[in-house]
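K.L.:
Submitted below is the structure of interest, expressed as structure tokens.
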Amino acid sequence: LGRHFAGRTGLRLACFSTEDLGPALKWEASRGGALFPHYYGGLPTAMALWIEPIGQSESGAPILPERFSTC
């Protein structure tokens with residue numbers, strides 16, 4: 001998040017249930033070999049369990065919402 005979005009404002013984090021996403025959610029190996037989720041399909045925000053703004057520190061680093069640990 002910090003690598004690609006540092007200094008950006010107005011960002012939001014959306015939490016989705018993997019069960020709700022169905023077969024369009026694919027777990028694929030990353031460069032390091034760990035499984036990483038990729039979603040191939042439309043992603044309506046109405047399916048989100050919650051959507052929260054991402055904060056920003058004085059240095060521009062993103063600050064995730066407290067609810068992040070519940071997703």
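Starting from 1 in every chain, residues are counted up; chains themselves are A, B, ... following the order of the structure tokens, and ligands are numbered from 1 as listed.
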Extract, using only C-alpha atoms, all DNA, RNA and protein residues at most 8 Å from His38 of chain A, discarding same-chain residues fewer than 4 positions from it, and format them as a list in words.

P.N.:
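The neighbour list is Leu25, Lys26, Trp27 and Glu28 of chain A.
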
K.L.:
So which residues of chain A fall under alpha helix (DSSP H) by DSSP, listed as a list in words?

P.N.:
Gly2, Arg3, His4, Phe5, Thr18, Glu19, Asp20 and Leu21 of chain A

K.L.:
Which residues come within 12 Å of Gly10 of chain A, counting only C-alpha atoms, excluding same-chain residues fewer than 4 positions away, as a list of chain:residue names?

P.N.:
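Everything that qualifies: A:Phe5, A:Ala6, A:Glu52, A:Pro53, A:Ile54, A:Gly55, A:Gln56, A:Pro62.
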
K.L.:
Using only C-alpha atoms, which residue out of A:Ile51, A:Arg3, A:Pro44, A:Tyr39 lies closest to Cys71 of chain A?

P.N.:
A:Ile51

K.L.:
Could you give me, as number ranges by chain, the residues within 10 Å of Met47 of chain A, counting only C-alpha atoms and dropping anything in the same chain fewer than 5 positions from it?

P.N.:
A: 14-17, 20-21

K.L.:
Those residues with C-alpha atoms, as a short mmCIF file (atom, residue, chain, number, x, y, z; two decimals), in the first residue's frame please?

P.N.:
```
data_model
loop_
_atom_site.label_atom_id
_atom_site.label_comp_id
_atom_site.auth_asym_id
_atom_site.auth_seq_id
_atom_site.Cartn_x
_atom_site.Cartn_y
_atom_site.Cartn_z
CA ALA A 14 -13.35 -2.13 1.16
CA CYS A 15 -13.77 -5.46 2.93
CA PHE A 16 -15.40 -8.36 1.09
CA SER A 17 -16.28 -11.91 2.15
CA ASP A 20 -19.55 -14.07 -1.34
CA LEU A 21 -17.10 -13.55 -4.23
#
```

K.L.:
When DSSP is applied to the backbone of this structure, which of chain A are assigned strand (DSSP E)? Write them out as a ChimeraX atom specification.

P.N.:
/A:12-15,25-29,35-39,50-53,55-56,62-63
